[in-house]
Structure formats: C-alpha cells, structure tokens
>>> print(open('my_file-v3.cif').read())   # mmCIF, N, CA and C atoms
data_target
loop_
_atom_site.group_PDB
_atom_site.id
_atom_site.type_symbol
_atom_site.label_atom_id
_atom_site.label_comp_id
_atom_site.auth_asym_id
_atom_site.auth_seq_id
_atom_site.Cartn_x
_atom_site.Cartn_y
_atom_site.Cartn_z
ATOM 1 N N MET H 1 147.997 79.721 147.738
ATOM 2 C CA MET H 1 147.444 78.419 148.038
ATOM 3 C C MET H 1 148.610 77.466 148.287
ATOM 4 N N THR H 2 148.520 76.719 149.322
ATOM 5 C CA THR H 2 149.574 75.755 149.628
ATOM 6 C C THR H 2 149.368 74.490 148.809
ATOM 7 N N ARG H 3 150.402 73.686 148.734
ATOM 8 C CA ARG H 3 150.314 72.423 147.993
ATOM 9 C C ARG H 3 149.202 71.547 148.568
ATOM 10 N N ARG H 4 149.073 71.537 149.880
ATOM 11 C CA ARG H 4 148.048 70.727 150.530
ATOM 12 C C ARG H 4 146.655 71.202 150.121
ATOM 13 N N GLU H 5 146.435 72.529 150.103
ATOM 14 C CA GLU H 5 145.132 73.061 149.703
ATOM 15 C C GLU H 5 144.854 72.726 148.246
ATOM 16 N N HIS H 6 145.880 72.823 147.417
ATOM 17 C CA HIS H 6 145.693 72.521 146.000
ATOM 18 C C HIS H 6 145.249 71.071 145.806
ATOM 19 N N GLY H 7 145.872 70.158 146.512
ATOM 20 C CA GLY H 7 145.505 68.748 146.412
ATOM 21 C C GLY H 7 144.088 68.491 146.885
ATOM 22 N N ALA H 8 143.665 69.181 147.919
ATOM 23 C CA ALA H 8 142.303 68.985 148.437
ATOM 24 C C ALA H 8 141.274 69.417 147.403
ATOM 25 N N GLY H 9 141.564 70.488 146.692
ATOM 26 C CA GLY H 9 140.641 70.954 145.661
ATOM 27 C C GLY H 9 140.525 69.970 144.515
ATOM 28 N N GLU H 10 141.660 69.395 144.121
ATOM 29 C CA GLU H 10 141.630 68.403 143.047
ATOM 30 C C GLU H 10 140.859 67.165 143.474
ATOM 31 N N GLU H 11 141.015 66.764 144.743
ATOM 32 C CA GLU H 11 140.290 65.600 145.244
ATOM 33 C C GLU H 11 138.792 65.845 145.202
ATOM 34 N N ARG H 12 138.357 67.046 145.626
ATOM 35 C CA ARG H 12 136.927 67.370 145.575
ATOM 36 C C ARG H 12 136.430 67.343 144.138
ATOM 37 N N GLU H 13 137.239 67.866 143.210
ATOM 38 C CA GLU H 13 136.839 67.886 141.804
ATOM 39 C C GLU H 13 136.697 66.474 141.266
ATOM 40 N N GLU H 14 137.627 65.582 141.601
ATOM 41 C CA GLU H 14 137.569 64.201 141.135
ATOM 42 C C GLU H 14 136.335 63.488 141.654
ATOM 43 N N ARG H 15 135.954 63.725 142.905
ATOM 44 C CA ARG H 15 134.771 63.078 143.470
ATOM 45 C C ARG H 15 133.516 63.498 142.743
ATOM 46 N N GLY H 16 133.488 64.694 142.177
ATOM 47 C CA GLY H 16 132.299 65.189 141.495
ATOM 48 C C GLY H 16 132.161 64.690 140.072
ATOM 49 N N LYS H 17 133.213 64.085 139.516
ATOM 50 C CA LYS H 17 133.167 63.613 138.133
ATOM 51 C C LYS H 17 132.505 62.247 138.057
ATOM 52 N N ARG H 18 131.736 62.023 137.016
ATOM 53 C CA ARG H 18 131.148 60.718 136.751
ATOM 54 C C ARG H 18 132.174 59.897 136.002
ATOM 55 N N GLU H 19 132.271 58.618 136.285
ATOM 56 C CA GLU H 19 133.277 57.753 135.693
ATOM 57 C C GLU H 19 133.064 57.539 134.193
ATOM 58 N N GLY H 20 131.884 57.111 133.778
ATOM 59 C CA GLY H 20 131.634 56.805 132.378
ATOM 60 C C GLY H 20 131.367 58.047 131.554
ATOM 61 N N ARG H 21 131.724 57.966 130.301
ATOM 62 C CA ARG H 21 131.469 59.094 129.403
ATOM 63 C C ARG H 21 130.141 58.923 128.663
ATOM 64 N N GLU H 22 129.694 57.703 128.491
ATOM 65 C CA GLU H 22 128.410 57.462 127.833
ATOM 66 C C GLU H 22 127.283 57.786 128.801
ATOM 67 N N VAL H 23 126.201 58.303 128.270
ATOM 68 C CA VAL H 23 125.068 58.695 129.110
ATOM 69 C C VAL H 23 124.555 57.508 129.916
ATOM 70 N N THR H 24 124.431 56.335 129.286
ATOM 71 C CA THR H 24 123.915 55.175 130.030
ATOM 72 C C THR H 24 124.862 54.782 131.155
ATOM 73 N N ASP H 25 126.174 54.914 130.932
ATOM 74 C CA ASP H 25 127.133 54.629 132.002
ATOM 75 C C ASP H 25 126.957 55.608 133.162
ATOM 76 N N GLN H 26 126.752 56.867 132.827
ATOM 77 C CA GLN H 26 126.551 57.881 133.858
ATOM 78 C C GLN H 26 125.258 57.628 134.621
ATOM 79 N N LEU H 27 124.193 57.277 133.904
ATOM 80 C CA LEU H 27 122.925 56.970 134.564
ATOM 81 C C LEU H 27 123.060 55.760 135.479
ATOM 82 N N ARG H 28 123.762 54.730 135.004
ATOM 83 C CA ARG H 28 123.960 53.525 135.816
ATOM 84 C C ARG H 28 124.739 53.867 137.082
ATOM 85 N N GLU H 29 125.762 54.698 136.947
ATOM 86 C CA GLU H 29 126.543 55.089 138.115
ATOM 87 C C GLU H 29 125.683 55.854 139.121
ATOM 88 N N LEU H 30 124.829 56.734 138.629
ATOM 89 C CA LEU H 30 123.935 57.473 139.526
ATOM 90 C C LEU H 30 122.960 56.530 140.213
ATOM 91 N N ALA H 31 122.381 55.599 139.438
ATOM 92 C CA ALA H 31 121.441 54.635 140.020
ATOM 93 C C ALA H 31 122.136 53.772 141.068
ATOM 94 N N ASP H 32 123.361 53.339 140.779
ATOM 95 C CA ASP H 32 124.115 52.532 141.740
ATOM 96 C C ASP H 32 124.429 53.310 143.008
ATOM 97 N N ALA H 33 124.506 54.635 142.890
ATOM 98 C CA ALA H 33 124.788 55.491 144.053
ATOM 99 C C ALA H 33 123.519 55.809 144.840
ATOM 100 N N GLY H 34 122.368 55.278 144.383
ATOM 101 C CA GLY H 34 121.120 55.483 145.114
ATOM 102 C C GLY H 34 120.269 56.637 144.632
ATOM 103 N N VAL H 35 120.637 57.251 143.509
ATOM 104 C CA VAL H 35 119.832 58.344 142.965
ATOM 105 C C VAL H 35 118.626 57.740 142.250
ATOM 106 N N ALA H 36 117.438 58.189 142.618
ATOM 107 C CA ALA H 36 116.213 57.694 141.990
ATOM 108 C C ALA H 36 116.068 58.330 140.612
ATOM 109 N N LEU H 37 116.037 57.508 139.579
ATOM 110 C CA LEU H 37 115.900 57.993 138.208
ATOM 111 C C LEU H 37 114.573 57.509 137.649
ATOM 112 N N SER H 38 113.796 58.443 137.131
ATOM 113 C CA SER H 38 112.507 58.071 136.550
ATOM 114 C C SER H 38 112.148 59.080 135.468
ATOM 115 N N LEU H 39 111.264 58.680 134.611
ATOM 116 C CA LEU H 39 110.772 59.538 133.544
ATOM 117 C C LEU H 39 109.364 59.990 133.924
ATOM 118 N N PRO H 40 109.149 61.288 134.082
ATOM 119 C CA PRO H 40 107.814 61.756 134.472
ATOM 120 C C PRO H 40 106.801 61.543 133.336
ATOM 121 N N ASP H 41 105.538 61.660 133.654
ATOM 122 C CA ASP H 41 104.489 61.508 132.649
ATOM 123 C C ASP H 41 104.503 62.635 131.620
ATOM 124 N N ARG H 42 105.024 63.777 132.020
ATOM 125 C CA ARG H 42 105.123 64.925 131.113
ATOM 126 C C ARG H 42 106.339 65.739 131.523
ATOM 127 N N PRO H 43 106.959 66.417 130.571
ATOM 128 C CA PRO H 43 108.105 67.247 130.946
ATOM 129 C C PRO H 43 107.655 68.462 131.745
ATOM 130 N N SER H 44 108.507 68.927 132.628
ATOM 131 C CA SER H 44 108.192 70.143 133.380
ATOM 132 C C SER H 44 109.110 71.290 132.983
ATOM 133 N N ARG H 45 110.294 70.941 132.438
ATOM 134 C CA ARG H 45 111.272 71.956 132.036
ATOM 135 C C ARG H 45 111.761 71.646 130.629
ATOM 136 N N CYS H 46 112.147 72.662 129.912
ATOM 137 C CA CYS H 46 112.671 72.545 128.557
ATOM 138 C C CYS H 46 114.082 71.975 128.583
ATOM 139 N N GLY H 47 114.353 71.015 127.706
ATOM 140 C CA GLY H 47 115.675 70.437 127.614
ATOM 141 C C GLY H 47 116.684 71.374 126.970
ATOM 142 N N ALA H 48 116.227 72.382 126.252
ATOM 143 C CA ALA H 48 117.135 73.318 125.587
ATOM 144 C C ALA H 48 117.511 74.503 126.477
ATOM 145 N N CYS H 49 116.518 75.083 127.147
ATOM 146 C CA CYS H 49 116.794 76.320 127.908
ATOM 147 C C CYS H 49 116.401 76.243 129.373
ATOM 148 N N ASN H 50 115.786 75.127 129.786
ATOM 149 C CA ASN H 50 115.329 74.903 131.156
ATOM 150 C C ASN H 50 114.136 75.781 131.553
ATOM 151 N N GLY H 51 113.476 76.379 130.581
ATOM 152 C CA GLY H 51 112.279 77.162 130.865
ATOM 153 C C GLY H 51 111.110 76.256 131.207
ATOM 154 N N PRO H 52 110.050 76.809 131.775
ATOM 155 C CA PRO H 52 108.870 76.003 132.100
ATOM 156 C C PRO H 52 108.144 75.557 130.829
ATOM 157 N N VAL H 53 107.505 74.386 130.916
ATOM 158 C CA VAL H 53 106.787 73.803 129.787
ATOM 159 C C VAL H 53 105.300 73.813 130.093
ATOM 160 N N GLU H 54 104.499 74.161 129.084
ATOM 161 C CA GLU H 54 103.040 74.195 129.244
ATOM 162 C C GLU H 54 102.373 73.306 128.203
ATOM 163 N N ASP H 55 101.154 72.878 128.494
ATOM 164 C CA ASP H 55 100.378 72.088 127.539
ATOM 165 C C ASP H 55 100.036 72.941 126.327
ATOM 166 N N VAL H 56 100.029 72.302 125.152
ATOM 167 C CA VAL H 56 99.559 72.953 123.931
ATOM 168 C C VAL H 56 98.094 72.577 123.769
ATOM 169 N N ALA H 57 97.227 73.553 123.572
ATOM 170 C CA ALA H 57 95.791 73.308 123.415
ATOM 171 C C ALA H 57 95.537 72.433 122.186
ATOM 172 N N PRO H 58 94.529 71.563 122.246
ATOM 173 C CA PRO H 58 94.223 70.671 121.121
ATOM 174 C C PRO H 58 93.964 71.401 119.803
ATOM 175 N N ASP H 59 93.481 72.632 119.863
ATOM 176 C CA ASP H 59 93.192 73.369 118.630
ATOM 177 C C ASP H 59 94.321 74.320 118.218
ATOM 178 N N ALA H 60 95.442 74.280 118.923
ATOM 179 C CA ALA H 60 96.561 75.172 118.610
ATOM 180 C C ALA H 60 97.398 74.606 117.464
ATOM 181 N N SER H 61 98.070 75.494 116.749
ATOM 182 C CA SER H 61 98.955 75.049 115.670
ATOM 183 C C SER H 61 100.325 74.704 116.260
ATOM 184 N N THR H 62 101.002 73.776 115.609
ATOM 185 C CA THR H 62 102.344 73.364 116.021
ATOM 186 C C THR H 62 103.247 73.366 114.789
ATOM 187 N N PRO H 63 104.558 73.333 114.984
ATOM 188 C CA PRO H 63 105.460 73.245 113.828
ATOM 189 C C PRO H 63 105.186 71.976 113.022
ATOM 190 N N ALA H 64 105.603 71.967 111.767
ATOM 191 C CA ALA H 64 105.341 70.828 110.876
ATOM 192 C C ALA H 64 105.922 69.523 111.412
ATOM 193 N N HIS H 65 107.033 69.584 112.148
ATOM 194 C CA HIS H 65 107.667 68.365 112.650
ATOM 195 C C HIS H 65 106.993 67.817 113.916
ATOM 196 N N ALA H 66 106.107 68.581 114.517
ATOM 197 C CA ALA H 66 105.428 68.157 115.749
ATOM 198 C C ALA H 66 104.083 67.523 115.419
ATOM 199 N N PRO H 67 103.629 66.595 116.264
ATOM 200 C CA PRO H 67 102.324 65.983 116.018
ATOM 201 C C PRO H 67 101.178 66.956 116.280
ATOM 202 N N ASP H 68 100.026 66.594 115.806
ATOM 203 C CA ASP H 68 98.811 67.378 116.023
ATOM 204 C C ASP H 68 98.419 67.248 117.498
ATOM 205 N N PRO H 69 98.317 68.356 118.234
ATOM 206 C CA PRO H 69 97.978 68.264 119.660
ATOM 207 C C PRO H 69 96.572 67.738 119.927
ATOM 208 N N ALA H 70 95.712 67.683 118.913
ATOM 209 C CA ALA H 70 94.381 67.094 119.085
ATOM 210 C C ALA H 70 94.481 65.564 119.124
ATOM 211 N N GLU H 71 95.591 65.014 118.593
ATOM 212 C CA GLU H 71 95.767 63.564 118.530
ATOM 213 C C GLU H 71 96.749 63.028 119.568
ATOM 214 N N GLN H 72 97.643 63.887 120.043
ATOM 215 C CA GLN H 72 98.679 63.455 120.977
ATOM 216 C C GLN H 72 99.056 64.634 121.866
ATOM 217 N N GLY H 73 99.407 64.358 123.107
ATOM 218 C CA GLY H 73 99.839 65.419 124.010
ATOM 219 C C GLY H 73 101.097 66.107 123.505
ATOM 220 N N VAL H 74 101.056 67.417 123.445
ATOM 221 C CA VAL H 74 102.204 68.216 123.020
ATOM 222 C C VAL H 74 102.402 69.317 124.054
ATOM 223 N N TRP H 75 103.660 69.620 124.355
ATOM 224 C CA TRP H 75 103.992 70.682 125.306
ATOM 225 C C TRP H 75 104.908 71.675 124.626
ATOM 226 N N ARG H 76 104.873 72.925 125.078
ATOM 227 C CA ARG H 76 105.685 73.995 124.504
ATOM 228 C C ARG H 76 106.412 74.718 125.619
ATOM 229 N N CYS H 77 107.679 75.035 125.369
ATOM 230 C CA CYS H 77 108.445 75.812 126.333
ATOM 231 C C CYS H 77 107.966 77.256 126.297
ATOM 232 N N VAL H 78 107.666 77.785 127.449
ATOM 233 C CA VAL H 78 107.191 79.169 127.562
ATOM 234 C C VAL H 78 108.285 80.152 127.149
ATOM 235 N N ASP H 79 109.544 79.809 127.417
ATOM 236 C CA ASP H 79 110.645 80.740 127.151
ATOM 237 C C ASP H 79 111.167 80.706 125.715
ATOM 238 N N CYS H 80 111.422 79.505 125.176
ATOM 239 C CA CYS H 80 112.041 79.443 123.842
ATOM 240 C C CYS H 80 111.116 78.906 122.756
ATOM 241 N N GLY H 81 109.946 78.380 123.121
ATOM 242 C CA GLY H 81 108.978 77.917 122.135
ATOM 243 C C GLY H 81 109.199 76.512 121.615
ATOM 244 N N GLN H 82 110.212 75.803 122.091
ATOM 245 C CA GLN H 82 110.446 74.436 121.631
ATOM 246 C C GLN H 82 109.266 73.555 122.020
ATOM 247 N N HIS H 83 108.901 72.627 121.116
ATOM 248 C CA HIS H 83 107.782 71.716 121.349
ATOM 249 C C HIS H 83 108.285 70.330 121.730
ATOM 250 N N PHE H 84 107.541 69.650 122.601
ATOM 251 C CA PHE H 84 107.885 68.318 123.091
ATOM 252 C C PHE H 84 106.661 67.422 123.009
ATOM 253 N N TRP H 85 106.904 66.134 122.812
ATOM 254 C CA TRP H 85 105.841 65.130 122.815
ATOM 255 C C TRP H 85 106.487 63.781 123.083
ATOM 256 N N LYS H 86 105.651 62.800 123.371
ATOM 257 C CA LYS H 86 106.156 61.455 123.651
ATOM 258 C C LYS H 86 106.349 60.722 122.322
ATOM 259 N N GLY H 87 107.518 60.860 121.763
ATOM 260 C CA GLY H 87 107.861 60.213 120.502
ATOM 261 C C GLY H 87 108.929 59.158 120.702
ATOM 262 N N SER H 88 109.703 58.901 119.667
ATOM 263 C CA SER H 88 110.709 57.843 119.721
ATOM 264 C C SER H 88 111.816 58.160 120.730
ATOM 265 N N HIS H 89 112.182 59.424 120.883
ATOM 266 C CA HIS H 89 113.209 59.773 121.876
ATOM 267 C C HIS H 89 112.709 59.445 123.283
ATOM 268 N N TRP H 90 111.460 59.774 123.565
ATOM 269 C CA TRP H 90 110.860 59.480 124.873
ATOM 270 C C TRP H 90 110.918 57.971 125.136
ATOM 271 N N ASP H 91 110.590 57.190 124.094
ATOM 272 C CA ASP H 91 110.608 55.727 124.220
ATOM 273 C C ASP H 91 112.022 55.213 124.496
ATOM 274 N N ARG H 92 113.042 55.781 123.822
ATOM 275 C CA ARG H 92 114.427 55.355 124.048
ATOM 276 C C ARG H 92 114.883 55.677 125.468
ATOM 277 N N VAL H 93 114.499 56.847 125.976
ATOM 278 C CA VAL H 93 114.868 57.224 127.338
ATOM 279 C C VAL H 93 114.205 56.275 128.343
ATOM 280 N N ALA H 94 112.926 55.962 128.104
ATOM 281 C CA ALA H 94 112.214 55.037 129.002
ATOM 282 C C ALA H 94 112.884 53.669 129.007
ATOM 283 N N ARG H 95 113.286 53.173 127.829
ATOM 284 C CA ARG H 95 113.971 51.868 127.753
ATOM 285 C C ARG H 95 115.318 51.913 128.461
ATOM 286 N N ALA H 96 116.057 52.994 128.261
ATOM 287 C CA ALA H 96 117.369 53.126 128.904
ATOM 288 C C ALA H 96 117.237 53.103 130.432
ATOM 289 N N LEU H 97 116.247 53.789 130.949
ATOM 290 C CA LEU H 97 116.039 53.809 132.399
ATOM 291 C C LEU H 97 115.580 52.431 132.892
ATOM 292 N N ALA H 98 114.740 51.766 132.135
ATOM 293 C CA ALA H 98 114.255 50.444 132.527
ATOM 294 C C ALA H 98 115.381 49.414 132.528
ATOM 295 N N ASP H 99 116.361 49.605 131.647
ATOM 296 C CA ASP H 99 117.471 48.647 131.533
ATOM 297 C C ASP H 99 118.542 48.849 132.601
ATOM 298 N N LEU H 100 118.430 49.907 133.398
ATOM 299 C CA LEU H 100 119.436 50.128 134.438
ATOM 300 C C LEU H 100 119.238 49.083 135.502
#
>>> encode(input="my_file-v3.cif", output="structure tokens")
Amino acid sequence: MTRREHGAGEEREERGKREGREVTDQLRELADAGVALSLPDRPSRCGACNGPVEDVAPDASTPAHAPDPAEQGVWRCVDCGQHFWKGSHWDRVARALADL
C-alpha cells in the first residue's frame, strides 16, 4: 500500500466516525445530517440480538420483571426470549428524540 492509499483509507474512516461520544450527541449529529429519527409504536427487532420481536399473548406468562401482558403491550424476541414493553426507558428515548 502506498502512502497515498493509506491516507485515503484513514480519511474514509474519519468520515464514518460520529463526533460526539454521548448517545444524544450522536443522535443530534445524525438528525443534523438529515437522518430521520423516530420511535416506532412497537419494536420490530431485539436490542440485544437483533432477532425479530413478536407480541406476547394477553394470557401468556412473562418474567417477574415484565408487566402483565393483559394490562400492557409486551413483546418477546423470537431468538433470545428477551421481553420488551413501553416503560421508563421507552419514555426516556422518546424525550431524547423530541429534544433533538
């Protein structure tokens, strides 16, 4: 690899890096670059393994830390079994996106 090629690779790498290290800084930078950021009504992919997420039936059992699916919408990852619902984390993400 020539010195010129090496420099070109570093330049491409630098362009791909986000400036801020905090998540909100990174989100703001993406929004400023024209990337549409929104929170869907329900998750479609698992945040842990990226597997597909499905609805949990109202009469199904959930882990002790998860809400009762008869009272609140709950989703489960098909691949790893992690459960999701609209709780305080969901609210914080919605506020962070609204504040951008």
>>> closest_residue(input="my_file-v3.cif", among="H:Thr62, H:Val93, H:Leu100, H:Val56", to="Asp32 in chain H", atoms="all atoms listed in the file")
H:Leu100
>>> select_by_dssp(input="my_file-v3.cif", residues="range 15-57 of chain H", states="strand (DSSP E or B)", output="list in words")
Arg45, Pro52, Val53, Glu54 and Asp55 of chain H
>>> closest_residue(input="my_file-v3.cif", among="H:Cys77, H:Lys86, H:Ala31, H:Ala98", to="Cys46 in chain H", atoms="all atoms listed in the file")
H:Cys77
>>> residues_around(input="my_file-v3.cif", residues="Gly51 in chain H", least_positions_apart="3", cutoff="9 Å", atoms="only C-alpha atoms", output="ChimeraX atom specification")
/H:44-48,77-80
>>> select_by_dssp(input="my_file-v3.cif", residues="chain H", states="helix (DSSP H, G or I)", output="MDAnalysis selection string")
chainID H and resid 3:16 23:32 88:98
>>> axis_aligned_box(input="my_file-v3.cif", around="range 42-45 of chain H", padding_each_side="6 Å", output="lines of an AutoDock Vina configuration file")
center_x = 108.4
center_y = 67.9
center_z = 132.0
size_x = 18.7
size_y = 20.2
size_z = 14.8
>>> closest_residue(input="my_file-v3.cif", among="H:Ala33, H:Glu54, H:Gln26, H:Trp85", to="Pro69 in chain H", atoms="only C-alpha atoms")
H:Trp85
>>> closest_residue(input="my_file-v3.cif", among="H:Ser61, H:Asp55, H:Arg95, H:Leu39", to="Val74 in chain H", atoms="only C-alpha atoms")
H:Asp55
>>> atom_distance(input="my_file-v3.cif", atom1="CA of Gln82 in chain H", atom2="CA of His65 in chain H")
11.2 Å
>>> atom_distance(input="my_file-v3.cif", atom1="CA of Val53 in chain H", atom2="CA of Gly73 in chain H")
12.3 Å
>>> atom_distance(input="my_file-v3.cif", atom1="atom N of Glu22 in chain H", atom2="atom N of Asp91 in chain H")
19.6 Å
>>> closest_residue(input="my_file-v3.cif", among="H:Arg28, H:Asn50, H:Pro40, H:Asp59", to="Asp99 in chain H", atoms="all atoms listed in the file")
H:Arg28
>>> closest_residue(input="my_file-v3.cif", among="H:Ala70, H:Ala60, H:Val35, H:Thr24", to="Arg92 in chain H", atoms="only C-alpha atoms")
H:Thr24
